[in-house]
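Printed here is work_11.txt (compact mmCIF, C-alpha atoms and all ligand atoms):
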```
# COMPACT_ATOMS: atom_id res chain seq x y z
CA MET A 1 0.85 4.43 -17.25
CA PHE A 2 -2.43 2.87 -16.34
CA SER A 3 -5.95 2.97 -17.62
CA TYR A 4 -9.25 1.77 -16.25
CA SER A 5 -12.43 0.35 -17.74
CA PHE A 6 -15.63 -1.37 -16.74
CA GLY A 7 -15.86 -4.23 -19.24
CA ASN A 8 -17.49 -4.52 -22.62
CA GLU A 9 -20.66 -2.74 -21.54
CA SER A 10 -20.03 0.97 -20.91
CA LEU A 11 -20.18 2.26 -17.36
CA ASN A 12 -23.19 4.37 -18.35
CA SER A 13 -25.18 1.37 -19.51
CA GLN A 14 -24.31 -0.49 -16.30
CA LEU A 15 -25.41 2.48 -14.21
CA ASP A 16 -28.65 2.64 -16.23
CA ALA A 17 -29.31 -1.03 -15.63
CA LEU A 18 -28.85 -0.45 -11.89
CA GLY A 19 -31.07 2.65 -11.99
CA ILE A 20 -28.37 4.82 -10.41
CA THR A 21 -27.36 7.13 -13.26
CA ALA A 22 -28.68 10.32 -11.67
CA ALA A 23 -27.24 9.51 -8.24
CA PHE A 24 -23.85 8.74 -9.79
CA GLN A 25 -23.84 11.97 -11.79
CA LYS A 26 -24.63 13.99 -8.67
CA ASN A 27 -21.77 12.33 -6.75
CA LEU A 28 -19.44 12.69 -9.73
CA ASP A 29 -20.22 16.42 -9.97
CA SER A 30 -19.50 16.87 -6.32
CA ALA A 31 -16.31 14.77 -6.54
CA VAL A 32 -15.12 16.83 -9.51
CA ASP A 33 -15.78 20.11 -7.66
CA TYR A 34 -13.77 18.82 -4.71
CA ALA A 35 -10.95 17.61 -6.98
CA LYS A 36 -10.82 21.05 -8.59
CA ALA A 37 -10.62 22.70 -5.18
CA LEU A 38 -7.79 20.35 -4.19
CA ALA A 39 -5.99 21.07 -7.46
CA ALA A 40 -6.36 24.82 -6.96
CA ASP A 41 -4.68 24.33 -3.58
CA GLY A 42 -1.77 22.43 -5.16
CA LEU A 43 -3.23 19.05 -4.12
CA LEU A 44 -2.58 17.53 -0.71
CA PRO A 45 0.89 17.25 0.89
CA PHE A 46 1.07 13.47 0.38
CA ALA A 47 0.79 14.06 -3.36
CA ARG A 48 3.37 16.83 -3.41
CA GLN A 49 6.42 14.60 -2.99
CA ALA A 50 8.33 15.81 -6.03
CA HIS A 51 10.90 13.60 -7.75
CA ASN A 52 13.44 16.43 -7.37
CA GLY A 53 12.15 17.61 -3.99
CA PRO A 54 14.44 18.82 -1.19
CA ASP A 55 14.31 15.46 0.59
CA ALA A 56 15.61 13.48 -2.42
CA GLY A 57 19.27 14.12 -1.50
CA PRO A 58 18.92 13.21 2.21
CA ILE A 59 17.03 10.02 1.29
CA GLU A 60 19.77 8.90 -1.11
CA ALA A 61 22.49 9.85 1.39
CA ALA A 62 20.83 7.87 4.19
CA ALA A 63 20.36 4.90 1.86
CA ALA A 64 24.02 5.01 0.79
CA ARG A 65 25.13 5.02 4.43
CA ILE A 66 22.89 2.08 5.27
CA LYS A 67 23.91 0.07 2.21
CA ALA A 68 27.59 0.59 2.93
CA SER A 69 27.32 -0.85 6.42
CA CYS A 70 25.03 -3.85 6.25
CA ASP A 71 23.77 -6.94 4.50
CA ASP A 72 20.43 -6.92 6.33
CA LEU A 73 18.11 -4.04 7.14
CA ILE A 74 15.35 -4.44 9.72
CA VAL A 75 12.62 -1.85 9.17
CA LEU A 76 10.73 -1.39 12.41
CA GLY A 77 7.34 0.26 12.14
CA THR A 78 3.71 -0.69 11.87
CA GLY A 79 0.66 0.42 9.87
CA GLY A 80 1.52 3.44 7.77
CA SER A 81 5.11 3.29 8.98
CA SER A 82 5.66 -0.07 7.27
CA LEU A 83 2.94 -1.09 4.82
CA GLY A 84 3.82 1.44 2.12
CA ALA A 85 7.47 0.45 2.16
CA GLN A 86 6.51 -3.21 2.01
CA ALA A 87 4.24 -2.60 -0.98
CA ALA A 88 6.92 -0.58 -2.77
CA ILE A 89 9.92 -2.82 -2.18
CA ALA A 90 7.97 -5.88 -3.30
CA LEU A 91 9.13 -4.86 -6.79
CA ALA A 92 12.76 -5.27 -5.74
CA ARG A 93 12.35 -9.06 -5.87
CA PHE A 94 13.01 -8.79 -9.59
CA ASN A 95 16.40 -7.07 -9.30
CA LYS A 96 17.77 -8.32 -6.01
CA GLY A 97 19.76 -5.53 -4.37
CA PRO A 98 22.74 -6.03 -2.07
CA VAL A 99 20.69 -5.61 1.15
CA ARG A 100 18.00 -7.98 2.39
CA ILE A 101 15.14 -6.01 3.94
CA HIS A 102 13.04 -7.42 6.79
CA THR A 103 9.77 -5.81 7.86
CA PRO A 104 8.52 -7.40 11.10
CA ASP A 105 5.47 -5.13 11.25
CA SER A 106 3.44 -7.29 13.60
CA LEU A 107 4.75 -7.75 17.09
CA CYS A 108 5.40 -11.49 17.31
CA PRO A 109 7.84 -13.05 19.79
CA PHE A 110 8.44 -16.10 17.61
CA GLU A 111 9.22 -14.09 14.48
CA MET A 112 11.63 -11.88 16.41
CA ASP A 113 13.46 -14.88 17.84
CA LEU A 114 13.72 -16.33 14.35
CA LEU A 115 14.99 -13.08 12.84
CA PHE A 116 17.66 -12.65 15.53
CA LYS A 117 18.76 -16.25 15.03
CA GLU A 118 19.18 -15.75 11.28
CA LEU A 119 20.97 -12.38 11.16
CA ASN A 120 24.53 -11.35 11.85
CA THR A 121 24.61 -8.49 14.39
CA ALA A 122 27.73 -6.95 12.89
CA ARG A 123 26.14 -6.63 9.44
CA THR A 124 22.60 -5.57 10.44
CA HIS A 125 21.13 -2.06 10.39
CA VAL A 126 17.85 -1.03 12.01
CA LEU A 127 15.58 1.65 10.55
CA ALA A 128 12.94 2.57 13.13
CA ILE A 129 9.97 4.50 11.78
CA SER A 130 7.10 5.99 13.76
CA LYS A 131 5.35 9.25 13.00
CA SER A 132 4.16 9.68 16.59
CA GLY A 133 7.33 8.18 18.04
CA THR A 134 5.18 6.55 20.70
CA THR A 135 3.90 3.32 19.15
CA ALA A 136 4.44 0.55 21.69
CA GLU A 137 5.11 -2.23 19.16
CA THR A 138 7.84 -0.27 17.41
CA LEU A 139 9.47 0.88 20.64
CA ALA A 140 9.42 -2.64 22.11
CA GLN A 141 11.06 -4.02 18.97
CA LEU A 142 13.61 -1.23 19.02
CA LEU A 143 14.68 -1.98 22.58
CA ALA A 144 14.85 -5.69 21.78
CA CYS A 145 16.97 -4.99 18.66
CA ARG A 146 19.39 -2.80 20.60
CA ALA A 147 19.90 -5.49 23.26
CA TRP A 148 20.40 -8.13 20.58
CA LEU A 149 22.90 -5.99 18.65
CA GLU A 150 24.89 -5.15 21.75
CA ALA A 151 25.00 -8.78 22.80
CA GLY A 152 26.64 -9.52 19.45
CA ASP A 153 30.38 -9.80 19.19
CA HIS A 154 31.13 -6.50 17.45
CA SER A 155 32.76 -3.55 19.13
CA ASP A 156 31.71 -0.58 16.98
CA ASN A 157 29.42 2.25 18.00
CA PRO A 158 25.83 0.98 18.48
CA GLY A 159 24.47 4.27 17.11
CA ASP A 160 25.96 3.41 13.72
CA HIS A 161 23.51 0.53 13.45
CA PHE A 162 20.41 2.72 13.64
CA THR A 163 18.52 5.28 11.57
CA PHE A 164 15.27 6.88 12.67
CA ILE A 165 12.31 8.55 11.00
CA THR A 166 9.93 10.39 13.29
CA GLU A 167 8.29 13.78 13.64
CA PRO A 168 10.19 16.71 15.12
CA GLY A 169 9.48 17.53 18.76
CA GLU A 170 9.80 15.62 21.97
CA ARG A 171 8.78 11.97 21.65
CA PRO A 172 10.32 8.73 22.93
CA LEU A 173 11.64 7.52 19.58
CA ARG A 174 13.37 10.80 18.84
CA THR A 175 14.89 11.06 22.30
CA TYR A 176 16.17 7.51 21.91
CA GLY A 177 17.76 8.25 18.55
CA GLU A 178 19.33 11.46 19.83
CA LYS A 179 20.87 9.66 22.80
CA LEU A 180 22.27 7.01 20.48
CA GLY A 181 23.71 9.69 18.22
CA SER A 182 22.11 8.09 15.15
CA PRO A 183 20.86 9.89 12.04
CA ILE A 184 17.24 11.04 12.38
CA LEU A 185 15.13 12.04 9.38
CA ASP A 186 12.02 14.11 9.99
CA HIS A 187 8.67 12.51 9.22
CA PRO A 188 6.75 15.25 7.39
CA THR A 189 4.32 16.76 9.90
CA ASP A 190 1.68 17.45 7.25
CA VAL A 191 1.45 13.86 5.95
CA GLY A 192 -0.40 11.15 7.89
CA GLY A 193 1.25 7.76 8.32
CA ARG A 194 -1.03 5.84 5.96
CA PHE A 195 -0.51 8.56 3.32
CA SER A 196 3.28 8.61 3.73
CA VAL A 197 4.46 6.04 1.21
CA LEU A 198 5.89 8.63 -1.18
CA THR A 199 7.75 10.47 1.61
CA ASN A 200 11.00 9.31 3.19
CA VAL A 201 8.93 6.70 5.11
CA GLY A 202 8.39 4.60 1.99
CA MET A 203 11.18 5.99 -0.15
CA LEU A 204 14.17 5.35 2.14
CA PRO A 205 13.53 1.56 2.09
CA VAL A 206 12.98 1.91 -1.67
CA ALA A 207 16.39 3.56 -2.10
CA VAL A 208 18.07 0.87 0.02
CA SER A 209 16.38 -1.84 -2.04
CA GLY A 210 17.95 -0.49 -5.24
CA LEU A 211 14.67 0.71 -6.73
CA SER A 212 14.32 4.25 -8.07
CA VAL A 213 12.75 6.85 -5.79
CA GLU A 214 12.65 9.23 -8.72
CA ALA A 215 10.64 6.77 -10.81
CA PHE A 216 8.05 6.17 -8.05
CA ARG A 217 7.56 9.89 -7.66
CA LYS A 218 7.49 10.61 -11.40
CA GLY A 219 4.74 8.00 -11.79
CA ALA A 220 2.79 9.68 -9.00
CA GLU A 221 3.31 13.10 -10.58
CA ALA A 222 1.87 11.90 -13.89
CA VAL A 223 -1.27 10.67 -12.12
CA CYS A 224 -1.58 13.94 -10.19
CA ASP A 225 -1.26 15.90 -13.44
CA GLN A 226 -4.11 13.92 -14.95
CA PHE A 227 -6.21 14.35 -11.78
CA LYS A 228 -5.70 18.11 -12.01
CA SER A 229 -6.23 18.51 -15.72
CA ASP A 230 -9.28 16.28 -16.19
CA PRO A 231 -10.78 15.28 -12.85
CA ALA A 232 -14.04 14.03 -14.39
CA THR A 233 -12.20 11.11 -15.96
CA ALA A 234 -9.51 10.55 -13.32
CA THR A 235 -9.50 7.01 -11.90
CA ALA A 236 -9.63 8.34 -8.35
CA VAL A 237 -12.60 10.65 -8.94
CA VAL A 238 -14.71 8.19 -10.93
CA GLY A 239 -13.83 5.41 -8.46
CA ALA A 240 -14.83 7.51 -5.46
CA ALA A 241 -18.11 8.62 -7.03
CA LEU A 242 -18.94 5.06 -8.00
CA THR A 243 -18.07 3.52 -4.64
CA HIS A 244 -20.12 6.11 -2.82
CA THR A 245 -23.11 5.76 -5.15
CA LEU A 246 -23.09 1.98 -4.93
CA GLU A 247 -22.95 2.20 -1.15
CA GLN A 248 -25.75 4.77 -0.91
CA GLU A 249 -28.07 3.29 -3.51
CA LYS A 250 -27.29 -0.42 -3.59
CA GLY A 251 -25.98 -1.29 -0.16
CA VAL A 252 -22.50 -2.10 -1.47
CA THR A 253 -20.52 -2.13 1.77
CA GLN A 254 -17.30 -3.85 0.72
CA VAL A 255 -14.55 -2.92 -1.70
CA LEU A 256 -12.41 -5.66 -3.17
CA VAL A 257 -8.94 -4.94 -4.54
CA MET A 258 -7.62 -7.94 -6.45
CA PRO A 259 -4.38 -7.60 -8.40
CA TYR A 260 -3.26 -10.38 -10.70
CA ALA A 261 0.42 -10.28 -9.66
CA GLU A 262 2.05 -11.68 -6.55
CA SER A 263 4.21 -8.56 -6.28
CA LEU A 264 1.09 -6.51 -5.59
CA ARG A 265 -0.02 -8.67 -2.64
CA ALA A 266 1.62 -6.20 -0.22
CA PHE A 267 -0.14 -3.37 -2.06
CA THR A 268 -3.49 -4.85 -0.99
CA ARG A 269 -2.39 -4.74 2.68
CA TRP A 270 -1.32 -1.10 2.26
CA HIS A 271 -4.67 -0.28 0.65
CA GLY A 272 -6.55 -2.10 3.41
CA GLN A 273 -5.20 0.24 6.09
CA LEU A 274 -5.59 3.33 3.92
CA TRP A 275 -9.23 2.62 3.19
CA ALA A 276 -10.31 1.24 6.56
CA GLU A 277 -8.65 3.81 8.82
CA SER A 278 -9.54 6.75 6.61
CA LEU A 279 -13.20 5.93 6.04
CA GLY A 280 -14.40 3.74 8.90
CA LYS A 281 -15.80 6.30 11.28
CA GLU A 282 -18.99 7.71 12.74
CA GLY A 283 -20.86 4.49 11.94
CA LEU A 284 -19.94 4.80 8.26
CA GLY A 285 -17.42 3.08 6.00
CA THR A 286 -16.95 0.29 3.51
CA THR A 287 -14.83 -2.73 4.34
CA PRO A 288 -11.74 -3.42 2.24
CA ILE A 289 -11.24 -6.98 1.08
CA ARG A 290 -7.85 -8.24 -0.08
CA ALA A 291 -7.35 -10.92 -2.67
CA VAL A 292 -4.73 -11.83 -5.25
CA GLY A 293 -5.44 -13.55 -8.52
CA PRO A 294 -5.51 -16.17 -9.70
CA VAL A 295 -4.80 -17.94 -6.39
CA ASP A 296 -7.78 -16.49 -4.51
CA GLN A 297 -10.14 -17.60 -7.25
CA HIS A 298 -9.71 -20.90 -5.43
CA SER A 299 -10.62 -19.57 -2.02
CA GLN A 300 -12.78 -16.43 -2.05
CA LEU A 301 -14.29 -16.22 -5.53
CA GLN A 302 -17.26 -18.44 -4.69
CA LEU A 303 -18.32 -15.84 -2.12
CA PHE A 304 -17.70 -12.90 -4.46
CA LEU A 305 -19.82 -14.55 -7.16
CA ASP A 306 -22.56 -16.19 -5.21
CA GLY A 307 -22.62 -14.56 -1.80
CA PRO A 308 -24.28 -11.23 -1.05
CA ASN A 309 -24.11 -8.71 -3.89
CA ASP A 310 -22.47 -6.13 -1.65
CA LYS A 311 -19.02 -5.67 -3.22
CA PHE A 312 -17.43 -3.22 -5.62
CA CYS A 313 -14.62 -5.15 -7.28
CA THR A 314 -11.39 -3.60 -8.55
CA PHE A 315 -9.05 -5.81 -10.53
CA ILE A 316 -5.50 -4.64 -11.19
CA THR A 317 -4.01 -6.42 -14.16
CA ILE A 318 -0.86 -6.38 -16.26
CA PRO A 319 -1.16 -7.61 -19.85
CA SER A 320 0.80 -10.86 -19.66
CA PHE A 321 0.30 -12.51 -23.04
CA GLY A 322 3.50 -14.31 -24.00
CA LYS A 323 5.03 -13.75 -20.54
CA GLY A 324 6.53 -16.40 -18.29
CA PRO A 325 7.43 -20.01 -19.09
CA ARG A 326 5.84 -21.60 -22.17
CA ILE A 327 4.03 -24.92 -21.88
CA ASP A 328 5.37 -27.57 -24.21
CA ALA A 329 2.71 -28.36 -26.80
CA ALA A 330 3.44 -32.09 -27.19
CA GLU A 331 3.58 -32.66 -23.44
CA ALA A 332 0.28 -30.84 -22.89
CA LYS A 333 -1.45 -32.75 -25.69
CA ALA A 334 -0.16 -36.07 -24.40
CA TYR A 335 -2.22 -35.47 -21.27
CA GLY A 336 -5.34 -34.16 -23.02
CA LEU A 337 -4.49 -30.56 -22.07
CA ASP A 338 -4.73 -29.22 -25.64
CA TYR A 339 -6.17 -25.91 -24.42
CA MET A 340 -2.87 -25.02 -22.78
CA ALA A 341 -0.56 -26.40 -25.49
CA ASP A 342 2.09 -23.82 -26.45
CA ARG A 343 0.53 -21.19 -24.17
CA THR A 344 2.56 -19.27 -21.61
CA ILE A 345 1.80 -18.95 -17.91
CA GLY A 346 1.04 -15.29 -18.66
CA ASP A 347 -1.52 -16.31 -21.33
CA THR A 348 -3.27 -18.44 -18.72
CA VAL A 349 -3.34 -15.71 -16.07
CA THR A 350 -4.63 -13.10 -18.53
CA CYS A 351 -7.47 -15.39 -19.60
CA GLN A 352 -8.26 -16.24 -15.97
CA SER A 353 -8.57 -12.60 -15.00
CA ARG A 354 -10.79 -11.87 -18.00
CA ALA A 355 -13.01 -14.87 -17.28
CA THR A 356 -13.33 -13.97 -13.61
CA GLN A 357 -14.30 -10.39 -14.34
CA GLU A 358 -16.87 -11.52 -16.88
CA THR A 359 -18.47 -14.03 -14.53
CA LEU A 360 -18.68 -11.40 -11.80
CA ARG A 361 -20.35 -8.96 -14.19
CA LYS A 362 -22.80 -11.61 -15.31
CA LYS A 363 -23.72 -12.01 -11.66
CA GLY A 364 -24.54 -8.30 -11.44
CA ARG A 365 -21.36 -7.19 -9.67
CA THR A 366 -19.76 -3.87 -10.64
CA VAL A 367 -16.20 -4.55 -11.71
CA ARG A 368 -13.52 -2.01 -12.51
CA GLU A 369 -10.32 -3.10 -14.21
CA ILE A 370 -7.19 -0.99 -13.75
CA VAL A 371 -4.58 -2.04 -16.28
CA ILE A 372 -0.93 -1.16 -15.73
CA ASP A 373 1.38 -1.77 -18.65
CA SER A 374 4.16 -3.23 -16.51
CA LEU A 375 5.25 -3.88 -12.94
CA SER A 376 7.35 -0.72 -12.75
CA GLU A 377 8.18 1.84 -10.10
CA GLU A 378 6.35 4.50 -12.16
CA ASN A 379 3.17 2.48 -12.28
CA LEU A 380 3.26 1.56 -8.61
CA GLY A 381 3.90 5.20 -7.69
CA GLY A 382 0.88 6.12 -9.82
CA LEU A 383 -1.28 3.49 -8.15
CA PHE A 384 -0.27 4.70 -4.69
CA VAL A 385 -1.27 8.28 -5.32
CA SER A 386 -4.40 7.34 -7.26
CA PHE A 387 -5.73 5.20 -4.41
CA MET A 388 -4.81 7.87 -1.83
CA LEU A 389 -6.71 10.49 -3.83
CA GLU A 390 -9.63 8.10 -4.28
CA THR A 391 -9.77 7.60 -0.51
CA VAL A 392 -9.73 11.32 0.19
CA VAL A 393 -12.41 12.08 -2.40
CA THR A 394 -14.57 9.25 -1.04
CA ALA A 395 -14.18 10.66 2.48
CA HIS A 396 -15.32 14.03 1.18
CA LEU A 397 -18.44 12.48 -0.39
CA MET A 398 -19.16 10.60 2.85
CA GLY A 399 -18.60 13.69 4.97
CA VAL A 400 -15.91 12.15 7.18
CA ASN A 401 -12.35 13.26 7.99
CA ALA A 402 -9.94 10.99 6.09
CA PHE A 403 -6.96 11.97 8.18
CA ASP A 404 -7.69 10.92 11.75
CA GLN A 405 -8.25 7.59 13.52
CA PRO A 406 -9.73 8.50 16.89
CA ALA A 407 -11.21 5.11 17.75
CA VAL A 408 -7.95 3.14 17.86
CA GLU A 409 -6.39 5.42 20.44
CA GLU A 410 -8.40 3.96 23.37
CA GLY A 411 -7.02 0.44 22.85
CA LYS A 412 -3.46 1.83 22.79
CA ILE A 413 -3.97 3.54 26.14
CA LEU A 414 -5.39 0.35 27.68
CA THR A 415 -2.50 -1.77 26.34
CA ARG A 416 0.01 0.50 28.04
CA GLN A 417 -2.02 0.35 31.26
CA TYR A 418 -2.29 -3.48 31.25
CA LEU A 419 1.42 -3.85 30.53
CA SER A 420 2.39 -1.59 33.39
CA GLU A 421 0.08 -3.51 35.75
CA LEU A 422 1.66 -6.92 35.05
CA PRO A 423 3.29 -8.44 38.16
CA GLU A 424 7.07 -7.86 38.44
O1 LIG B 501 3.72 5.80 12.74
P1 LIG B 501 3.16 5.55 14.09
O2 LIG B 501 2.90 6.79 14.86
O3 LIG B 501 4.03 4.59 14.86
O4 LIG B 501 1.76 4.84 13.93
C1 LIG B 501 1.63 3.58 13.36
C2 LIG B 501 0.19 3.33 12.99
O5 LIG B 501 -0.62 3.32 14.14
C3 LIG B 501 -1.86 3.98 13.87
O6 LIG B 501 -1.84 5.20 14.53
C4 LIG B 501 -3.06 3.17 14.33
O7 LIG B 501 -2.86 2.65 15.58
C5 LIG B 501 -1.86 4.18 12.38
O8 LIG B 501 -2.66 5.22 11.94
C6 LIG B 501 -0.42 4.37 12.09
O9 LIG B 501 -0.10 4.20 10.73
```
Let's see the structure in the file written out as structure tokens.
Amino acid sequence: MFSYSFGNESLNSQLDALGITAAFQKNLDSAVDYAKALAADGLLPFARQAHNGPDAGPIEAAAARIKASCDDLIVLGTGGSSLGAQAAIALARFNKGPVRIHTPDSLCPFEMDLLFKELNTARTHVLAISKSGTTAETLAQLLACRAWLEAGDHSDNPGDHFTFITEPGERPLRTYGEKLGSPILDHPTDVGGRFSVLTNVGMLPVAVSGLSVEAFRKGAEAVCDQFKSDPATATAVVGAALTHTLEQEKGVTQVLVMPYAESLRAFTRWHGQLWAESLGKEGLGTTPIRAVGPVDQHSQLQLFLDGPNDKFCTFITIPSFGKGPRIDAAEAKAYGLDYMADRTIGDTVTCQSRATQETLRKKGRTVREIVIDSLSEENLGGLFVSFMLETVVTAHLMGVNAFDQPAVEEGKILTRQYLSELPE
């Protein structure tokens, strides 16, 4: 489970000091009303991915088939069709499964050459994911993968090397999968790509990685239960009301998400898309900033502390006292490093996060700390759904539609045009 707090001074006293208590309360009331309406409706489809839902069996079956046939899985997809899976399977580093998973989510000729050079065609499976089934990057990679696989020296059916996830209906990716005779799982039509991490889009890679789909979804369910039963204290509702109030009243235009764990680095990329694409519209929006502690204390912290006071900072921490290697006391003392004698790496990181939050607060920044008790599937599932709900509630307060992304479509159309106009 996770909890959140705002430092030693209560949130109320910090709001008082900023002179925004009334504005916050008004936004909180409206956020709570909206949360209650969502709860009365059974929450949103992205949050209704039950641990024992009807897709659990098909996900496990597809994962078993993939695992039985390969050593390497290439997950093709971009944005919401890749970032959630990447964030989720980052936890698998701790219990290495039998399949290595590659996620070339940015179209890069050099990376693709490298990947093809490293992998064995006979023992590679490709999972191509695209909700629309039309994304040029994913389709280009798919065609390149097929050619590479067929140029390999195996003689089995090429269709056995592919699995697809896309929406029902006519679309290039689906037609391609049907012609190949490969398994095709339906992308839920009522869940947007950047909200799809708890559906088969994120959970099939999770199942292949050896992590527990059930645990991710149970963690999400626990957070949804809390959101429904006590919205006024739910992380998502308070976070949304606070972000919106700080933006309206104090010109806070950036939201920082800074976990103190390398395994949550991919989570910050997932959050970046979720926040930016859902809220950046009609001239409105706050810009997501990604950082990971403690390493980014040595690159971005100067700006956070001493640059413009325009950021709402969220730290995600895991109590790490006593965790990790211990520093030999005599060795440390021999070099005048008494302060770290007999401390663990986890002791150091915990103190660094605390110190950084305190210095930010002293500089007048609003800092929220979300504490998870361990790096577990349950906690990550909870974080996913909490941040998705926070995004949706923030969109409601802003008066924008969280679920579309009209502005990026023009660039996609032009890319296709320029590509088709290239000389033969
Ligand atoms: O899953 P699809 O349809 O390939 O889309 C990939 C990504 O592209 C976008 O449409 C933006 O271009 C995102 O919203 C989406 O997650």
Original post:
If you count all atoms listed in the file, which residues fall within 12 Å of region 339-347 of chain A, apart from same-chain ones fewer than 4 positions away, as a PyMOL selection string?
Top reply: chain A and resi 260-261+294+317-335+351-354
Subject >> Cut-off 7 Å, all atoms listed in the file, neighbours of ligand LIG 501 (chain B) as a ChimeraX atom specification >> reply: /A:77-81,129-135,138,193-194,277,405,408-409
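Here CA of Val292 (chain A) and CA of Trp275 (chain A) stand 17.3 Å from one another.
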Find the residues of region 282-390 of chain A that sit at most 12 Å from region 36-44 of chain A; for each, write down the nearest two atoms and how far apart they are in Å, to one decimal. Count only C-alpha atoms. Sort by chain, then by number going up, and give it as JSON lines.
```
{"residue": "A:Val385", "atom": "CA", "partner": "A:Leu44", "partner_atom": "CA", "distance": 10.4}
{"residue": "A:Met388", "atom": "CA", "partner": "A:Leu44", "partner_atom": "CA", "distance": 10.0}
{"residue": "A:Leu389", "atom": "CA", "partner": "A:Leu44", "partner_atom": "CA", "distance": 8.7}
```
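The coordinates place CA of Glu358 (chain A) at 23.2 Å from CA of Asp338 (chain A).
In this structure, CA of Gly159 (chain A) sits 15.5 Å away from CA of Lys67 (chain A).
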Original post:
Which residue, A:Ser3, A:Ser13, A:Ser420, A:Ser82, has the smallest gap to Met203 (chain A) when you use only C-alpha atoms?
Top reply: A:Ser82
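Here the question is which of A:Leu115, A:Leu246, A:Ala144, A:Ile316 gets nearest to Glu369 (chain A) using only C-alpha atoms, and that residue is A:Ile316.
Restricting the calculation to all atoms listed in the file, the smallest distance between Ala402 (chain A) and any of A:Leu419, A:Gly192, A:Leu256, A:Gly210 is found for A:Gly192.
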Subject >> Minimum-distance residue to Thr356 (chain A), chosen among A:Pro288, A:Pro158, A:Gly411, A:Gly293 (using only C-alpha atoms) >> reply: A:Gly293
Write out as JSON lines a residue-level contact list of region 290-399 of chain A versus region 281-285 of chain A with cut-off 12 Å: for each qualifying residue the closest pair of atoms and the distance in Å to one decimal, counting all atoms listed in the file, rows sorted by chain and residue number upward.
```
{"residue": "A:Thr391", "atom": "CA", "partner": "A:Gly285", "partner_atom": "CA", "distance": 11.0}
{"residue": "A:Thr394", "atom": "CA", "partner": "A:Gly285", "partner_atom": "CA", "distance": 9.8}
{"residue": "A:Ala395", "atom": "CA", "partner": "A:Gly285", "partner_atom": "CA", "distance": 9.0}
{"residue": "A:Leu397", "atom": "CA", "partner": "A:Gly285", "partner_atom": "CA", "distance": 11.4}
{"residue": "A:Met398", "atom": "CA", "partner": "A:Leu284", "partner_atom": "CA", "distance": 8.0}
{"residue": "A:Gly399", "atom": "CA", "partner": "A:Leu284", "partner_atom": "CA", "distance": 9.6}
```
**OP:** Find the residues near Phe227 (chain A): any atom within 9 Å, counting only C-alpha atoms, skip ones fewer than 6 places away on the same chain, and give them as a ChimeraX atom specification.
**Re:** /A:35-36,39,233-237,386,389
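Distance check against Arg174 (chain A) using only C-alpha atoms: of A:Val201, A:Gln273, A:Pro109, A:Leu139, the minimum falls on A:Leu139.
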Original post:
A:Leu83, A:Ala355, A:Ala63, A:Ala17: which is nearest Leu274 (chain A), counting all atoms listed in the file?
Top reply: A:Leu83
Original post:
Which residues come within 12 Å of Leu143 (chain A), counting all atoms listed in the file, excluding same-chain residues fewer than 5 positions away, as number ranges by chain?
Top reply: A: 76, 126, 128, 136-138, 148-150, 162, 172-173, 176-177, 180
Please enclose the listed atoms of region 237-253 of chain A in an axis-aligned box, pad each side by 6 Å, and write out the centre and the three edge lengths in Å, rounded to one decimal, as lines of an AutoDock Vina configuration file.
```
center_x = -20.3
center_y = 4.3
center_z = -4.6
size_x = 27.5
size_y = 24.8
size_z = 24.7
```
Residue neighbourhood Asn379 (chain A), 9 Å, all atoms listed in the file, exclusion window fewer than 4 positions, as a PDB file with C-alpha atoms, keeping the file's coordinate frame:
```
ATOM      1  CA  MET A   1       0.850   4.430 -17.250  1.00  0.00           C
ATOM      2  CA  PHE A   2      -2.430   2.870 -16.340  1.00  0.00           C
ATOM      3  CA  ALA A 215      10.640   6.770 -10.810  1.00  0.00           C
ATOM      4  CA  PHE A 216       8.050   6.170  -8.050  1.00  0.00           C
ATOM      5  CA  GLY A 219       4.740   8.000 -11.790  1.00  0.00           C
ATOM      6  CA  ALA A 220       2.790   9.680  -9.000  1.00  0.00           C
ATOM      7  CA  ILE A 372      -0.930  -1.160 -15.730  1.00  0.00           C
ATOM      8  CA  ASP A 373       1.380  -1.770 -18.650  1.00  0.00           C
ATOM      9  CA  SER A 374       4.160  -3.230 -16.510  1.00  0.00           C
ATOM     10  CA  LEU A 375       5.250  -3.880 -12.940  1.00  0.00           C
ATOM     11  CA  LEU A 383      -1.280   3.490  -8.150  1.00  0.00           C
ATOM     12  CA  PHE A 384      -0.270   4.700  -4.690  1.00  0.00           C
TER      13      PHE A 384
END
```
